[in-house]
Structures are given as C-alpha cells and as structure tokens.
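Working notes, structure below.
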Amino acid sequence: MGIAVITAALVIILSAFNGIEQMVSKLYSDYDPTVTMRSLEGKTFDSTTVNLSDLRKIPGVISLSKAIEETVIIKHGKKWVNARMVGVDYSFVEACNLDKHMVDGYPYLEENGEPTAVIGASLLDKIDGYISELDGYEELTLYTPLRDASMARLKSPFKVSPLKVVGRMNYNKDVNASDLLVPINYAEIQLNYGTDITAIYFHANKEQVESVKEVLIARFGKNFKIKTAAEKNELIFKTSESEKKIVVLILLFIFVLAAFNLVASLNMLFIEKKDNIETMERFGATKQFIFQIFFFEGILIAFKGIVIGLILGVGVCLLQVQYGLLQMPNSDGEAFPIILQVKDVLFIFGTVAILSILSAYFPVRYLVRRTIDEI
C-alpha cells in the first residue's frame, strides 16, 4: 500500500504540474507576442526603415503589429497611478484573443471614430474606477510625457488628455496591474512619435517560433534585439519546471523510504520460512533457486503496489478532468487544471519499477547468502 500511495501521488502531482504549466503558459503566451523585435541603439526606431510587407512573408509568421510602449500616469478623481501604455493595431487585439480575456466592458480600441482604451483589471481597481453599465465606459485623465519637454521652460512636461476606457482585461498579474491598451495612432499623437515605434510584435506558429527568430536575427541581428515569449518570461517557466523536478525528487525519495517496508517484509518472510529453506536445500535446491523464489515474491509485492497506484492516480486525474472535484481558490469555481500525459505515466512506471527491483534484489541476495551459510 505504501508503494501504491506514492505511485498514485507521483501520477497526480505530475499531472497537476502539467495543468499549472499550461495555464501559466496560456496566461502569458496569449498576451505576449511569440517574437518581439526592439532597437539595440535606442528606445525607438523609424518604422519606415523596416519593410513590414517582407516581414509578413517570413514562413511561420501569422501576423505582426507595430507597437508603441510608454510609461504614463492616469488619474481618476483624486487617485493617481503609473501605467504602461501600449499602442497597438487591430491585428494585435485579434492575435491576443482580447475578447476572451474581458472581465467587463468591450474589447474595442475605437468607438464612433474616437480612440478608446482597454485597461488591466487590477489597474482600474487601484484608482477606484469601474465600467458603468449605463454609459459603457469610464473616463480617465491621461498624462503622457512630452518627448522634448524641458523643465526649465516652466511648462508641464506632460500632455494631458481625457481617455475613455471601455473594458477591463484579465491576463496575468503583471498585465492586469500595469497595462493600458490604446490605438497605435492615438499613442503616436500623444507622444508626437511620427513614424517612430518602440517594437514590432510577431505572432507565429508555435512550431516555427525558433525559425522565425533565426530569420529575424539573420536580417536584423546587428541593430535589433529579438526575443521569444519564452525568453521574455524565462524566469517564470524555469521556476515552474524546477518546482516540478524538486517535487518529483522528493516523492521518489519517499518511495525509496516506502521500499524499506518491502525489505522488512522479505526479511520477515525469510525468518518465517527458514526451516523450509533448510529442507529445500537438503533436497538439492541451489542458492540461485532459493534466491529466485524470494526475489520474485518481492517483485510481485512491488508490482502489485505499482499497478494499484497507477490505477488510483489515473482514476483521480480522470475524475478531476471530468467533474472538477477540486477547485482553485479565488477562481469563481474554476476547476484545478489537470493534464494526464502517457509519457509521465510511462516515466513513473519505469522509475518506480527500477527502484522496486533494486529494493528486492539486493536484500534478497544478502539474505539468501547469509541464511544458506548459517544452514
């Protein structure tokens, strides 16, 4: 039963980590472009120096979007907060599935010819704002830093403009707490950028991300910094992978401790059957023959535990996937994500089988040698 419980725990834990990894990946990959290209020489670069039509023809590129990013200040009533204004076009809105990540309001960056914005869910909460069902928007005051402003002129270094926020988005903690999506032409006017932009966002097929990156490096590597979404969020994904490996190692260590029960059982069996072993030896049984009896007994016990554990683990995972028995905290009833993979089941079976065989082989070998010598 000890072997069964640990085996089941390994199946459940690995499946749970798979679910968490996919959830985290979805939260970040939906919003973050698969590949981002920025200038190495400065914050901005002239978009006319890059042929966007040629970039769209790169194999694997689904769409691309010019982007303008700038830190701004937004005000609502007496509340002030810093935000990251991101000016994008419709292709970005479509690629990041904005309509599927709305808390309330609408995923529009333009309404009746006027620019509108979509704000991070917790960012709007910070300034006590909300999307009115009556009006369908919340009006904020946007303070945008002037590009060539000088404090010596005794003028405000900000351009102050009203901005209608028509929706709240929910992606991940970072985006929710900082980002404000606006139309790129609005950002250009606010910042007086003209044809300058800060980045180009590429959305590419997952299978071709690296090839797209290599093409871009080959063409623009000397003047531009090119990063994939995985590289941008490297710490998050590596932390999740490290946690998974550590937990698996801990459970395997516990499995080794559980295997000592198998050693103890075989030891007690030897003591109980000592007279029978003596009789068998007098009838001509060899050490090898006696070893095989007890070794296969240990294997039988261990593999019964492994099979029962795999059935329990897979069963619990399937129940969670089908019925969502366990829910995530503060998620409005969303089921805890579980992804059962055949390769994980095979890995667990192979690992615990090897440990079980070793746990049976060495103790039985020692006990047979010692017992036969005593007889």
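Residues are referred to by chain and number: the chain letter is A, B, ... according to the order shown in the structure tokens, the number counts from 1 in that chain, and ligands are numbered separately from 1 in the order shown.
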
| request: For Ile119 in chain A, please output as a count of residues only all residues within 7 Å (counting only C-alpha atoms; exclusion window: fewer than 3 positions along the same chain). | output: 9

| Hey, what's within 12 Å of Leu249 in chain A if we count only C-alpha atoms and toss same-chain stuff fewer than 2 positions away? As a PyMOL selection string, please? | chain A and resi 6+10+13-14+242-247+251-256+348+351-352

So that I have them on file, write out the residues from the current selection with C-alpha atoms, as a CSV table (one decimal), in the first residue's frame.
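Saved the output as part_12.csv:
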chain,number,residue,atom,x,y,z
A,6,ILE,CA,3.5,7.0,-3.6
A,10,LEU,CA,3.5,10.8,-8.5
A,13,ILE,CA,1.4,15.6,-8.9
A,14,LEU,CA,3.0,15.4,-12.4
A,242,SER,CA,12.4,23.5,-11.3
A,243,GLU,CA,9.5,23.1,-8.8
A,244,LYS,CA,8.2,20.1,-10.7
A,245,LYS,CA,11.6,18.4,-10.7
A,246,ILE,CA,12.1,19.1,-7.0
A,247,VAL,CA,8.7,17.7,-6.0
A,251,LEU,CA,8.4,11.9,-3.9
A,252,LEU,CA,10.9,9.4,-5.3
A,253,PHE,CA,12.9,9.7,-2.1
A,254,ILE,CA,9.8,9.0,-0.1
A,255,PHE,CA,9.2,6.0,-2.5
A,256,VAL,CA,12.7,4.7,-1.5
A,348,ILE,CA,6.7,6.9,-13.3
A,351,THR,CA,11.3,4.7,-12.4
A,352,VAL,CA,9.4,3.0,-9.6

| All residues 7 Å or closer to Ile338 in chain A, only C-alpha atoms, same chain fewer than 4 positions away omitted, as a ChimeraX atom specification | /A:15-16,18-19,317,321

Give me a file of those residues, with N, CA and C atoms, as a CSV table (one decimal), in the first residue's frame.
chain,number,residue,atom,x,y,z
A,15,SER,N,0.7,15.3,-13.2
A,15,SER,CA,-0.5,15.8,-14.0
A,15,SER,C,-0.9,17.2,-13.5
A,16,ALA,N,-0.8,17.5,-12.2
A,16,ALA,CA,-1.2,18.8,-11.7
A,16,ALA,C,-0.2,19.8,-12.2
A,18,ASN,N,1.6,19.7,-14.9
A,18,ASN,CA,1.3,19.9,-16.3
A,18,ASN,C,0.2,20.8,-16.6
A,19,GLY,N,-0.9,20.7,-15.7
A,19,GLY,CA,-2.0,21.6,-15.8
A,19,GLY,C,-1.6,23.0,-15.5
A,317,CYS,N,-7.1,11.6,-11.5
A,317,CYS,CA,-6.9,12.6,-12.6
A,317,CYS,C,-8.1,12.7,-13.5
A,321,VAL,N,-10.6,15.8,-14.2
A,321,VAL,CA,-10.8,16.4,-15.5
A,321,VAL,C,-12.3,16.4,-15.9

| request: If you run DSSP over the backbone, which residues in range 177-324 of chain A end up strand (DSSP E or B)? Put them as a count of residues only. | output: 18

| request: List every residue of range 170-345 of chain A that DSSP, applied to the backbone of this structure, places in helix (DSSP H, G or I), and write the result as a PyMOL selection string. | output: chain A and resi 173-178+184-191+206-220+229-232+234-272+274-282+287-323+342-345

Kindly save the residues from that selection, with C-alpha atoms included, as a tab-separated table (two decimals), in the first residue's frame.
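Saved the output as selection.tsv:
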chain	number	residue	atom	x	y	z
A	173	LYS	CA	-0.82	39.58	-12.59
A	174	ASP	CA	1.75	41.75	-14.39
A	175	VAL	CA	-0.51	42.78	-17.26
A	176	ASN	CA	-3.53	43.29	-15.02
A	177	ALA	CA	-1.59	45.63	-12.75
A	178	SER	CA	0.16	47.77	-15.35
A	184	ILE	CA	-1.32	52.99	-32.07
A	185	ASN	CA	-2.30	56.15	-33.96
A	186	TYR	CA	-3.54	57.66	-30.68
A	187	ALA	CA	-0.21	56.79	-28.99
A	188	GLU	CA	1.69	58.38	-31.90
A	189	ILE	CA	-0.24	61.63	-31.49
A	190	GLN	CA	0.08	61.66	-27.71
A	191	LEU	CA	3.83	61.11	-27.82
A	206	LYS	CA	4.34	27.60	-32.17
A	207	GLU	CA	6.26	25.03	-34.20
A	208	GLN	CA	8.10	27.74	-36.15
A	209	VAL	CA	8.94	30.28	-33.45
A	210	GLU	CA	12.66	29.46	-33.43
A	211	SER	CA	12.90	29.52	-37.22
A	212	VAL	CA	11.19	32.93	-37.32
A	213	LYS	CA	13.63	34.19	-34.70
A	214	GLU	CA	16.61	32.87	-36.69
A	215	VAL	CA	15.43	34.62	-39.87
A	216	LEU	CA	15.00	37.91	-38.00
A	217	ILE	CA	18.42	37.60	-36.36
A	218	ALA	CA	20.00	36.90	-39.74
A	219	ARG	CA	18.39	40.05	-41.20
A	220	PHE	CA	18.43	42.47	-38.26
A	229	ALA	CA	7.94	34.93	-25.39
A	230	ALA	CA	9.65	32.03	-23.59
A	231	GLU	CA	12.88	34.05	-23.31
A	232	LYS	CA	10.99	37.10	-22.08
A	234	GLU	CA	12.23	32.74	-18.80
A	235	LEU	CA	12.20	33.03	-15.01
A	236	ILE	CA	8.52	32.06	-14.73
A	237	PHE	CA	8.81	28.96	-16.90
A	238	LYS	CA	12.14	27.84	-15.39
A	239	THR	CA	10.78	28.27	-11.86
A	240	SER	CA	7.76	26.12	-12.68
A	241	GLU	CA	9.96	23.43	-14.24
A	242	SER	CA	12.35	23.48	-11.26
A	243	GLU	CA	9.48	23.13	-8.79
A	244	LYS	CA	8.20	20.15	-10.73
A	245	LYS	CA	11.59	18.41	-10.69
A	246	ILE	CA	12.12	19.08	-6.96
A	247	VAL	CA	8.70	17.69	-6.02
A	248	VAL	CA	9.29	14.57	-8.14
A	249	LEU	CA	12.68	14.01	-6.49
A	250	ILE	CA	11.12	14.37	-3.03
A	251	LEU	CA	8.39	11.85	-3.88
A	252	LEU	CA	10.95	9.43	-5.31
A	253	PHE	CA	12.92	9.73	-2.08
A	254	ILE	CA	9.75	8.97	-0.13
A	255	PHE	CA	9.24	5.99	-2.45
A	256	VAL	CA	12.70	4.72	-1.51
A	257	LEU	CA	11.73	5.01	2.16
A	258	ALA	CA	8.48	3.16	1.43
A	259	ALA	CA	10.53	0.45	-0.28
A	260	PHE	CA	12.15	-0.31	3.10
A	261	ASN	CA	8.78	-1.82	4.04
A	262	LEU	CA	9.36	-4.26	1.21
A	263	VAL	CA	12.82	-5.07	2.58
A	264	ALA	CA	11.36	-5.60	6.05
A	265	SER	CA	8.62	-7.85	4.65
A	266	LEU	CA	11.14	-10.00	2.79
A	267	ASN	CA	13.32	-10.20	5.89
A	268	MET	CA	10.37	-11.40	8.00
A	269	LEU	CA	9.47	-13.89	5.27
A	270	PHE	CA	12.99	-15.33	5.39
A	271	ILE	CA	12.84	-15.73	9.15
A	272	GLU	CA	9.41	-17.39	8.91
A	274	LYS	CA	13.96	-20.60	7.48
A	275	ASP	CA	13.03	-24.23	8.19
A	276	ASN	CA	11.52	-24.61	4.74
A	277	ILE	CA	14.68	-23.16	3.16
A	278	GLU	CA	16.77	-25.71	5.10
A	279	THR	CA	14.55	-28.56	3.89
A	280	MET	CA	14.70	-27.33	0.30
A	281	GLU	CA	18.48	-27.12	0.43
A	282	ARG	CA	18.74	-30.71	1.69
A	287	LYS	CA	21.21	-20.65	-3.81
A	288	GLN	CA	20.05	-19.40	-7.21
A	289	PHE	CA	16.78	-21.32	-6.99
A	290	ILE	CA	16.04	-20.04	-3.46
A	291	PHE	CA	17.05	-16.52	-4.49
A	292	GLN	CA	14.59	-16.59	-7.39
A	293	ILE	CA	11.70	-17.65	-5.12
A	294	PHE	CA	12.09	-14.72	-2.75
A	295	PHE	CA	13.19	-12.22	-5.40
A	296	PHE	CA	10.06	-12.86	-7.48
A	297	GLU	CA	7.98	-12.67	-4.31
A	298	GLY	CA	9.40	-9.17	-3.72
A	299	ILE	CA	8.77	-8.23	-7.36
A	300	LEU	CA	5.18	-9.48	-7.08
A	301	ILE	CA	4.53	-7.36	-3.98
A	302	ALA	CA	6.12	-4.26	-5.52
A	303	PHE	CA	4.41	-4.52	-8.90
A	304	LYS	CA	1.02	-5.10	-7.30
A	305	GLY	CA	1.58	-1.80	-5.48
A	306	ILE	CA	2.71	-0.05	-8.68
A	307	VAL	CA	-0.29	-1.25	-10.70
A	308	ILE	CA	-2.75	-0.31	-7.95
A	309	GLY	CA	-1.03	3.09	-7.60
A	310	LEU	CA	-1.19	3.79	-11.33
A	311	ILE	CA	-4.89	2.87	-11.43
A	312	LEU	CA	-5.60	5.11	-8.42
A	313	GLY	CA	-3.56	8.02	-9.78
A	314	VAL	CA	-5.02	7.88	-13.29
A	315	GLY	CA	-8.51	7.43	-11.84
A	316	VAL	CA	-8.22	10.53	-9.62
A	317	CYS	CA	-6.89	12.59	-12.56
A	318	LEU	CA	-9.73	11.48	-14.84
A	319	LEU	CA	-12.31	12.28	-12.17
A	320	GLN	CA	-10.83	15.76	-11.74
A	321	VAL	CA	-10.81	16.37	-15.50
A	322	GLN	CA	-14.38	15.11	-15.91
A	323	TYR	CA	-16.07	16.53	-12.81
A	342	VAL	CA	1.10	8.99	-21.29
A	343	LYS	CA	4.82	9.83	-21.19
A	344	ASP	CA	4.52	10.78	-17.50
A	345	VAL	CA	2.76	7.50	-16.66

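CA of Asp128 in chain A sits 26.5 Å away from CA of Ile68 in chain A.
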